[in-house]
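Colleague: Right, I'll just put the structure down here and ask away after.
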Amino acid sequence: MRVVVTGGAGFLGSHLCRWLLAADHEVVCIDNLSTGRRRNVDPLLGDRRFEFHQADVAAAPLPVPGRVDAVAHLASPASPPDYHRMPLETLAVGSRGTEYALQLAARHGARFLLASTSEVYGDPEVHPQSEDYWGHVNPVGPRSVYDEAKRYAEAVTTAYGRRLGVDVGIVRIFNTYGPGMRPEDGRVVTSFVTQALNGDPLTVYGDGSQTRSFCYVDDLVRGLVAMLSSSVPGPVNLGNPVERTVLELAQIVREVTGSHSAIEFHPLPENDPTRRRPDVTRAAQQLGWRPEVSDAEGLRRTVEWFRARPAEVSAAAAA
Ligand code: NAD
Ligand code: UDP
């Protein structure tokens with residue numbers, strides 16, 4: 001396949017590009033580097049099957065010459081500090097950016113994959129979350145620029161499927177972590193790991209009783225590839241159903257890093273979801289997918305990766 005990956009220089013996107021190349025596909029990566037990093041794709045530039053274009057996918061229809069067999073639309077800020085800093089850009093890439101990416105798929109008769117999010121469930125009243133739950137989102141809250149952009153992205157993707165017959169698939173990704181994250185991205189795993197490695201206090205928001213379910217990046221990318229290669233329309237949850245409180249995560253990170261960092265409590269951000277755990281029955285039934293990497297093993301690999309980058313890790317403390 002020749003696959004266009006928007007957001008391909010980001011955390012998940014660059015892993016996806018590598019997996020596709022390893023499976024002998026051609027990859028066209030489009031990224032404006034707003035939250036992604038050139039260094040994530042630099043090692044791929046020598047591969048003649050890989051192209052990188054620095055461009056904003058929300059600015060204009062995407063001119064991709066040549067054949068396109070699939071479009072994986074991952075472009076969007078994803079970390080709360082990033083989308084708070086770029087609220088209008090987040091709405092633009094979720095709305096116009098998604099439409100331009102869909103138009104590209106429609107023009108080429110290509111498979112379209114939307115990277116949606118567990119955030120479409122908001123602060124869920126149903127637990128665990130299965131795909132038929134419609135969500136509980138504050139449309140004017142601080143997280144709405146991300147949540148509602150993704151809800152719109154799901155709606156427009158579904159409409160292109162129904163009205164224009166585009167072969168679309170939607171995945172709802174739950175918190176994913178691993179090597180390749182930006183040390184200063186502000187997400188909980190990167191924050192705790194960099195804080196622990198720097199010997200700084202781990203910043204737990206609220207009392208740490210809110211829960212998340214953390215998926216290791218290799219598992220997640222395997223799910224993206226399975227979805228891309230199928231004709232399953234979704235939405236399909238992709239995530240690890242092992243649920244942890246944030247305080248538990250802090251303790252696991254201290255154990256894995258061997259750190260004696262203190263735990264420091266900070267105010268809980270407004271509208272922070274209280275709990276989140278995917279029901280992954282549909283992914284198992286329709287894609288034969290289930291996560292395989294445990295928290296302890298995934299965190300061990302992640303910590304090892306960060307340990308090998310001490311300058312970046314100590315710079316994160318200043319960010
Ligand atoms: P990331 O910030 O590392 O990657 C996003 C990439 O999109 C970056 O490289 C950024 O530069 C690029 N981008 C943003 N706006 C763009 C635009 N207008 N034009 C071109 N490129 C643009 O985040 P990530 O964790 O890799 O997330 C990738 C996708 O997966 C996002 O759509 C995100 O919403 C979704 N997702 C991720 C998670 C997670 O836990 N990592 C969870 C749910 C959903
Ligand atoms: N969080 C925290 N300390 C941090 C960063 C985040 O306690 O330094 C909490 C945050 O309030 C949320 C959870 O960890 O309850 C996951 O946050 P993240 O930003 O990683 O993802 P999201 O809220 O989008 O699930």
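Every chain in the structure tokens has a letter given in the order shown (A, B, ...), and although residue numbers restart at 1 in each chain, ligands are simply numbered from 1 in the order shown.
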Taking the DSSP secondary structure from the backbone, can you list the residues of segment 177-213 of chain A that are alpha helix (DSSP H), as a count of residues only?
Modeller: 11
Colleague: Residues within 7 Å of segment 273-281 of chain A, please, as number ranges by chain. Count only C-alpha atoms; anything in the same chain fewer than 5 positions from it doesn't count.
Modeller: A: 122-123, 127-130, 210-213, 237-241, 243
Colleague: For the selection you just gave me, I'd like the residues written to a file as an mmCIF file, in the first residue's frame, keeping N, CA and C atoms.
Modeller:
data_model
loop_
_atom_site.group_PDB
_atom_site.id
_atom_site.type_symbol
_atom_site.label_atom_id
_atom_site.label_comp_id
_atom_site.auth_asym_id
_atom_site.auth_seq_id
_atom_site.Cartn_x
_atom_site.Cartn_y
_atom_site.Cartn_z
ATOM 1 N N GLY A 122 -15.937 11.899 27.192
ATOM 2 C CA GLY A 122 -15.924 12.953 28.208
ATOM 3 C C GLY A 122 -15.647 12.385 29.594
ATOM 4 N N ASP A 123 -16.426 12.864 30.581
ATOM 5 C CA ASP A 123 -16.333 12.327 31.943
ATOM 6 C C ASP A 123 -17.435 11.274 32.027
ATOM 7 N N HIS A 127 -19.375 2.787 32.810
ATOM 8 C CA HIS A 127 -18.036 2.278 33.039
ATOM 9 C C HIS A 127 -18.032 0.759 32.992
ATOM 10 N N PRO A 128 -17.140 0.094 32.283
ATOM 11 C CA PRO A 128 -16.191 0.668 31.334
ATOM 12 C C PRO A 128 -16.906 1.232 30.103
ATOM 13 N N GLN A 129 -16.166 1.915 29.236
ATOM 14 C CA GLN A 129 -16.800 2.550 28.095
ATOM 15 C C GLN A 129 -16.793 1.596 26.894
ATOM 16 N N SER A 130 -18.010 1.325 26.382
ATOM 17 C CA SER A 130 -18.081 0.566 25.125
ATOM 18 C C SER A 130 -18.495 1.555 24.042
ATOM 19 N N GLN A 210 -8.498 9.594 40.447
ATOM 20 C CA GLN A 210 -9.039 9.446 39.084
ATOM 21 C C GLN A 210 -8.275 8.331 38.379
ATOM 22 N N THR A 211 -8.952 7.647 37.464
ATOM 23 C CA THR A 211 -8.308 6.498 36.815
ATOM 24 C C THR A 211 -8.098 6.726 35.318
ATOM 25 N N ARG A 212 -7.103 6.018 34.811
ATOM 26 C CA ARG A 212 -6.868 5.918 33.370
ATOM 27 C C ARG A 212 -6.418 4.485 33.102
ATOM 28 N N SER A 213 -6.439 4.113 31.824
ATOM 29 C CA SER A 213 -5.999 2.779 31.405
ATOM 30 C C SER A 213 -4.921 3.012 30.368
ATOM 31 N N ASN A 237 -12.849 0.800 20.033
ATOM 32 C CA ASN A 237 -11.940 1.217 21.104
ATOM 33 C C ASN A 237 -10.610 0.495 20.977
ATOM 34 N N LEU A 238 -9.514 1.239 21.116
ATOM 35 C CA LEU A 238 -8.188 0.620 21.224
ATOM 36 C C LEU A 238 -7.555 1.131 22.501
ATOM 37 N N GLY A 239 -7.309 0.250 23.426
ATOM 38 C CA GLY A 239 -6.699 0.654 24.694
ATOM 39 C C GLY A 239 -6.492 -0.569 25.544
ATOM 40 N N ASN A 240 -5.794 -0.369 26.650
ATOM 41 C CA ASN A 240 -5.542 -1.479 27.567
ATOM 42 C C ASN A 240 -6.556 -1.409 28.704
ATOM 43 N N PRO A 241 -7.353 -2.457 28.900
ATOM 44 C CA PRO A 241 -8.407 -2.374 29.918
ATOM 45 C C PRO A 241 -7.920 -2.459 31.364
ATOM 46 N N GLU A 243 -7.037 -0.881 34.495
ATOM 47 C CA GLU A 243 -7.309 0.478 34.978
ATOM 48 C C GLU A 243 -6.466 0.774 36.217
#
Colleague: Contacts between ligand 1 and chain A, please, where a residue of chain A counts if it comes within 8 Å (with only C-alpha atoms and all ligand atoms); show its shortest atom pair and distance in Å to one decimal, rows by chain and ascending number, as a Markdown table.
Modeller:
| residue | atom | partner | partner_atom_place_in_ligand_line | distance |
| --- | --- | --- | --- | --- |
| A:Thr6 | CA | ligand 1 | 21 (N) | 6.0 |
| A:Gly7 | CA | ligand 1 | 7 (O) | 3.4 |
| A:Gly8 | CA | ligand 1 | 9 (O) | 5.8 |
| A:Ala9 | CA | ligand 1 | 9 (O) | 4.2 |
| A:Gly10 | CA | ligand 1 | 9 (O) | 3.1 |
| A:Phe11 | CA | ligand 1 | 26 (O) | 3.6 |
| A:Leu12 | CA | ligand 1 | 26 (O) | 3.7 |
| A:Gly13 | CA | ligand 1 | 26 (O) | 5.4 |
| A:Ser14 | CA | ligand 1 | 26 (O) | 7.6 |
| A:Ile30 | CA | ligand 1 | 20 (C) | 6.0 |
| A:Asp31 | CA | ligand 1 | 21 (N) | 3.6 |
| A:Asn32 | CA | ligand 1 | 20 (C) | 4.1 |
| A:Leu33 | CA | ligand 1 | 11 (O) | 3.5 |
| A:Ser34 | CA | ligand 1 | 11 (O) | 3.9 |
| A:Thr35 | CA | ligand 1 | 11 (O) | 4.0 |
| A:Gly36 | CA | ligand 1 | 9 (O) | 3.0 |
| A:Arg37 | CA | ligand 1 | 9 (O) | 6.2 |
| A:Gln54 | CA | ligand 1 | 20 (C) | 7.4 |
| A:Ala55 | CA | ligand 1 | 20 (C) | 5.7 |
| A:Asp56 | CA | ligand 1 | 19 (N) | 3.5 |
| A:Val57 | CA | ligand 1 | 19 (N) | 4.0 |
| A:Ala58 | CA | ligand 1 | 18 (N) | 5.0 |
| A:Ala59 | CA | ligand 1 | 18 (N) | 7.4 |
| A:His73 | CA | ligand 1 | 32 (O) | 7.0 |
| A:Leu74 | CA | ligand 1 | 32 (O) | 4.0 |
| A:Ala75 | CA | ligand 1 | 7 (O) | 3.4 |
| A:Ser76 | CA | ligand 1 | 14 (C) | 3.8 |
| A:Pro77 | CA | ligand 1 | 2 (O) | 4.5 |
| A:Ala78 | CA | ligand 1 | 34 (O) | 4.5 |
| A:Ser79 | CA | ligand 1 | 2 (O) | 6.5 |
| A:Asp82 | CA | ligand 1 | 2 (O) | 7.6 |
| A:Glu89 | CA | ligand 1 | 18 (N) | 6.5 |
| A:Thr90 | CA | ligand 1 | 15 (N) | 6.8 |
| A:Ala92 | CA | ligand 1 | 18 (N) | 7.0 |
| A:Val93 | CA | ligand 1 | 18 (N) | 4.7 |
| A:Gly97 | CA | ligand 1 | 18 (N) | 6.5 |
| A:Leu114 | CA | ligand 1 | 32 (O) | 7.9 |
| A:Ala115 | CA | ligand 1 | 32 (O) | 5.1 |
| A:Ser116 | CA | ligand 1 | 44 (C) | 5.4 |
| A:Thr117 | CA | ligand 1 | 43 (C) | 4.0 |
| A:Ser118 | CA | ligand 1 | 43 (C) | 6.1 |
| A:Glu119 | CA | ligand 1 | 43 (C) | 7.2 |
| A:Tyr146 | CA | ligand 1 | 34 (O) | 7.8 |
| A:Lys150 | CA | ligand 1 | 34 (O) | 7.5 |
| A:Arg172 | CA | ligand 1 | 43 (C) | 6.6 |
| A:Ile173 | CA | ligand 1 | 43 (C) | 4.1 |
| A:Phe174 | CA | ligand 1 | 42 (C) | 4.9 |
| A:Asn175 | CA | ligand 1 | 40 (O) | 3.6 |
| A:Thr176 | CA | ligand 1 | 40 (O) | 3.7 |
| A:Tyr177 | CA | ligand 1 | 40 (O) | 6.2 |
| A:Met181 | CA | ligand 1 | 3 (O) | 6.6 |
| A:Arg182 | CA | ligand 1 | 3 (O) | 7.2 |
| A:Cys215 | CA | ligand 1 | 40 (O) | 7.9 |
Colleague: Just C-alpha atoms for this one: save the residues we selected as a short mmCIF file (atom, residue, chain, number, x, y, z; two decimals), in the first residue's frame.
Modeller:
data_model
loop_
_atom_site.label_atom_id
_atom_site.label_comp_id
_atom_site.auth_asym_id
_atom_site.auth_seq_id
_atom_site.Cartn_x
_atom_site.Cartn_y
_atom_site.Cartn_z
CA THR A 6 -1.05 12.91 8.70
CA GLY A 7 0.64 13.73 12.00
CA GLY A 8 3.34 11.23 11.06
CA ALA A 9 6.09 13.14 12.89
CA GLY A 10 4.25 12.87 16.20
CA PHE A 11 4.50 10.19 18.86
CA LEU A 12 1.98 7.65 17.49
CA GLY A 13 2.38 8.75 13.87
CA SER A 14 6.13 8.13 13.76
CA ILE A 30 2.40 15.13 6.28
CA ASP A 31 3.03 17.12 9.45
CA ASN A 32 3.31 20.79 10.40
CA LEU A 33 5.64 19.96 13.33
CA SER A 34 3.44 21.90 15.78
CA THR A 35 3.68 19.18 18.44
CA GLY A 36 5.69 16.62 16.47
CA ARG A 37 9.42 16.56 16.00
CA GLN A 54 5.93 19.82 6.24
CA ALA A 55 2.41 21.23 5.82
CA ASP A 56 -0.70 22.17 7.78
CA VAL A 57 -3.43 19.69 6.84
CA ALA A 58 -6.11 22.20 7.84
CA ALA A 59 -4.83 24.95 5.51
CA HIS A 73 -5.42 10.81 9.85
CA LEU A 74 -3.53 11.31 13.11
CA ALA A 75 -2.76 15.04 12.90
CA SER A 76 -3.96 16.87 16.02
CA PRO A 77 -2.47 18.14 19.24
CA ALA A 78 -3.22 15.40 21.79
CA SER A 79 -1.76 16.40 25.16
CA ASP A 82 -0.81 21.33 23.85
CA GLU A 89 -5.60 25.02 15.68
CA THR A 90 -7.01 21.95 17.44
CA ALA A 92 -9.26 23.48 12.74
CA VAL A 93 -7.34 20.23 12.33
CA GLY A 97 -8.18 19.01 8.50
CA LEU A 114 -9.54 8.42 11.81
CA ALA A 115 -7.54 8.51 15.05
CA SER A 116 -10.30 9.50 17.44
CA THR A 117 -10.07 9.37 21.20
CA SER A 118 -11.59 8.12 24.44
CA GLU A 119 -12.17 11.83 25.10
CA TYR A 146 -10.25 18.70 21.64
CA LYS A 150 -12.90 14.77 17.62
CA ARG A 172 -11.06 5.58 19.68
CA ILE A 173 -7.62 5.56 21.26
CA PHE A 174 -7.24 5.43 25.05
CA ASN A 175 -4.15 6.85 26.85
CA THR A 176 -1.09 5.48 25.10
CA TYR A 177 2.54 5.85 26.14
CA MET A 181 7.02 10.84 23.56
CA ARG A 182 8.17 14.45 23.99
CA CYS A 215 -1.73 1.16 26.55
#
Colleague: With only C-alpha atoms and all ligand atoms counted, collect every polymer residue having an atom within 6 Å of ligand 2; state the result as number ranges by chain.
Modeller: A: 79-80, 175, 186-188, 191, 203-205, 210, 246, 268, 272
Colleague: Restricted to N, CA and C atoms, what would the selected residues look like written as a PDB file, in the first residue's frame?
Modeller:
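What follows is the written file part_36.pdb:
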ATOM      1  N   SER A  79      -1.982  16.223  23.719  1.00  0.00           N
ATOM      2  CA  SER A  79      -1.759  16.396  25.158  1.00  0.00           C
ATOM      3  C   SER A  79      -2.551  17.620  25.646  1.00  0.00           C
ATOM      4  N   PRO A  80      -3.206  17.531  26.819  1.00  0.00           N
ATOM      5  CA  PRO A  80      -3.983  18.693  27.286  1.00  0.00           C
ATOM      6  C   PRO A  80      -3.210  20.031  27.256  1.00  0.00           C
ATOM      7  N   ASN A 175      -5.508   6.394  26.485  1.00  0.00           N
ATOM      8  CA  ASN A 175      -4.152   6.854  26.854  1.00  0.00           C
ATOM      9  C   ASN A 175      -3.058   5.853  26.455  1.00  0.00           C
ATOM     10  N   GLY A 186       3.752  17.059  28.934  1.00  0.00           N
ATOM     11  CA  GLY A 186       2.790  17.357  30.003  1.00  0.00           C
ATOM     12  C   GLY A 186       1.818  16.221  30.283  1.00  0.00           C
ATOM     13  N   ARG A 187       1.894  15.120  29.501  1.00  0.00           N
ATOM     14  CA  ARG A 187       1.007  13.988  29.796  1.00  0.00           C
ATOM     15  C   ARG A 187       1.533  13.268  31.032  1.00  0.00           C
ATOM     16  N   VAL A 188       0.645  12.482  31.651  1.00  0.00           N
ATOM     17  CA  VAL A 188       0.989  11.997  32.982  1.00  0.00           C
ATOM     18  C   VAL A 188       2.184  11.038  32.969  1.00  0.00           C
ATOM     19  N   SER A 191       5.343  13.072  32.372  1.00  0.00           N
ATOM     20  CA  SER A 191       5.620  13.935  33.528  1.00  0.00           C
ATOM     21  C   SER A 191       6.223  13.096  34.652  1.00  0.00           C
ATOM     22  N   THR A 203       4.115  15.179  40.342  1.00  0.00           N
ATOM     23  CA  THR A 203       2.982  16.101  40.500  1.00  0.00           C
ATOM     24  C   THR A 203       1.668  15.374  40.246  1.00  0.00           C
ATOM     25  N   VAL A 204       1.012  14.951  41.314  1.00  0.00           N
ATOM     26  CA  VAL A 204      -0.288  14.278  41.185  1.00  0.00           C
ATOM     27  C   VAL A 204      -1.386  15.334  41.261  1.00  0.00           C
ATOM     28  N   TYR A 205      -2.265  15.359  40.275  1.00  0.00           N
ATOM     29  CA  TYR A 205      -3.358  16.337  40.264  1.00  0.00           C
ATOM     30  C   TYR A 205      -4.552  15.774  41.021  1.00  0.00           C
ATOM     31  N   GLN A 210      -8.498   9.594  40.447  1.00  0.00           N
ATOM     32  CA  GLN A 210      -9.039   9.446  39.084  1.00  0.00           C
ATOM     33  C   GLN A 210      -8.275   8.331  38.379  1.00  0.00           C
ATOM     34  N   VAL A 246      -4.302   7.407  39.260  1.00  0.00           N
ATOM     35  CA  VAL A 246      -3.109   8.192  38.954  1.00  0.00           C
ATOM     36  C   VAL A 246      -2.081   8.025  40.077  1.00  0.00           C
ATOM     37  N   LEU A 268      -6.752  19.676  40.882  1.00  0.00           N
ATOM     38  CA  LEU A 268      -7.240  18.888  39.745  1.00  0.00           C
ATOM     39  C   LEU A 268      -7.734  19.854  38.661  1.00  0.00           C
ATOM     40  N   ASP A 272     -11.572  17.363  34.524  1.00  0.00           N
ATOM     41  CA  ASP A 272     -10.686  16.199  34.353  1.00  0.00           C
ATOM     42  C   ASP A 272     -11.542  14.929  34.540  1.00  0.00           C
TER      43      ASP A 272
END
Colleague: Give me the residues within 8 Å of Ala70 of chain A as a ChimeraX atom specification, counting only C-alpha atoms and dropping any in the same chain fewer than 3 places off.
Modeller: /A:1-4,105,110-113,228
Colleague: Which is closer to Ala319 of chain A than all the others in A:Pro81, A:Gly199, A:Gly298, A:Pro142, using only C-alpha atoms?
Modeller: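 Under the stated criterion, the closest residue is A:Pro81.
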Colleague: Using only C-alpha atoms, which residue out of A:Leu62, A:Leu164, A:Val28, A:Leu197 lies closest to Arg307 of chain A?
Modeller: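 The shortest atom-to-atom distance to Arg307 of chain A comes from A:Leu197.
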Colleague: For Ala262 of chain A, which residue out of A:Ala316, A:Trp289, A:Gln195, A:Phe214 is the nearest one, using only C-alpha atoms?
Modeller: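 Closest to Ala262 of chain A, using only C-alpha atoms: A:Gln195.
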Colleague: Rank nothing, just name the residue among A:Ser144, A:Arg18, A:Ala60, A:Glu248 nearest to Pro43 of chain A, using only C-alpha atoms.
Modeller: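 Distance minimum relative to Pro43 of chain A lands on A:Arg18.
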Colleague: Fewer than 2 positions away in the same chain doesn't count, so skip those; otherwise give me all residues within 12 Å of Gln251 of chain A, counting only C-alpha atoms, as a list in words.
Modeller: Val189, Phe192, Val193, Ala196, Pro201, Leu202, Thr203, Val204, Gly208, Arg244, Thr245, Val246, Leu247, Glu248, Leu249, Val253, Arg254, Glu255, Val256, Thr257, Gly258, Ser259, His260, Ser261, Ala262, Ile263, Ala296 and Leu299 of chain A
Colleague: Which value, in Å to one decimal, gives the distance between atom CA of Gly66 of chain A and atom CA of Gly46 of chain A?
Modeller: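 Atom-to-atom, atom CA of Gly66 of chain A to atom CA of Gly46 of chain A, that is 20.0 Å.
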Colleague: May I ask which of the residues A:His84, A:Arg49, A:Ala72, A:Gly141 is the closest one to Val5 of chain A, counting only C-alpha atoms?
Modeller: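 Using only C-alpha atoms, the shortest distance to Val5 of chain A belongs to A:Ala72.
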Colleague: Would you compute the distance between atom CA of Asp69 of chain A and atom CA of Arg162 of chain A? Give it in Å to one decimal.
Modeller: 19.4 Å
Colleague: Looking only at strand (DSSP E) from DSSP on the backbone, list the matching residues of segment 42-207 of chain A as a compact mmCIF listing (two decimals) with C-alpha atoms, in the first residue's frame.
Modeller:
# COMPACT_ATOMS: atom_id res chain seq x y z
CA PHE A 50 9.32 7.38 2.73
CA GLU A 51 8.38 11.00 1.91
CA PHE A 52 8.04 13.83 4.41
CA HIS A 53 6.08 17.02 3.69
CA GLN A 54 5.93 19.82 6.24
CA ALA A 70 -4.94 4.56 2.51
CA VAL A 71 -5.02 7.74 4.60
CA ALA A 72 -4.33 7.50 8.33
CA HIS A 73 -5.42 10.81 9.85
CA ARG A 111 -9.27 3.49 2.94
CA PHE A 112 -9.56 6.29 5.57
CA LEU A 113 -8.62 5.80 9.21
CA LEU A 114 -9.54 8.42 11.81
CA ALA A 115 -7.54 8.51 15.05
CA SER A 116 -10.30 9.50 17.44
CA THR A 117 -10.07 9.37 21.20
CA ASP A 167 -14.20 3.19 3.05
CA VAL A 168 -13.86 4.75 6.51
CA GLY A 169 -12.77 3.39 9.88
CA ILE A 170 -12.77 5.12 13.26
CA VAL A 171 -10.65 4.07 16.23
CA ARG A 172 -11.06 5.58 19.68
CA ILE A 173 -7.62 5.56 21.26
CA THR A 176 -1.09 5.48 25.10
CA TYR A 177 2.54 5.85 26.14
CA LEU A 202 5.85 13.65 41.12
CA THR A 203 2.98 16.10 40.50
CA VAL A 204 -0.29 14.28 41.18
CA TYR A 205 -3.36 16.34 40.26
Colleague: For a test of reading the model, state the distance in Å between atom CA of Pro267 of chain A and atom CA of Val120 of chain A, rounded to one decimal.
Modeller: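 It comes out at 23.6 Å.
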Colleague: Between A:Arg301, A:Arg107, A:His136, A:His266, single out the one closest to Val217 of chain A, counting only C-alpha atoms.
Modeller: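 Among the listed residues, A:Arg301 lies closest to Val217 of chain A.
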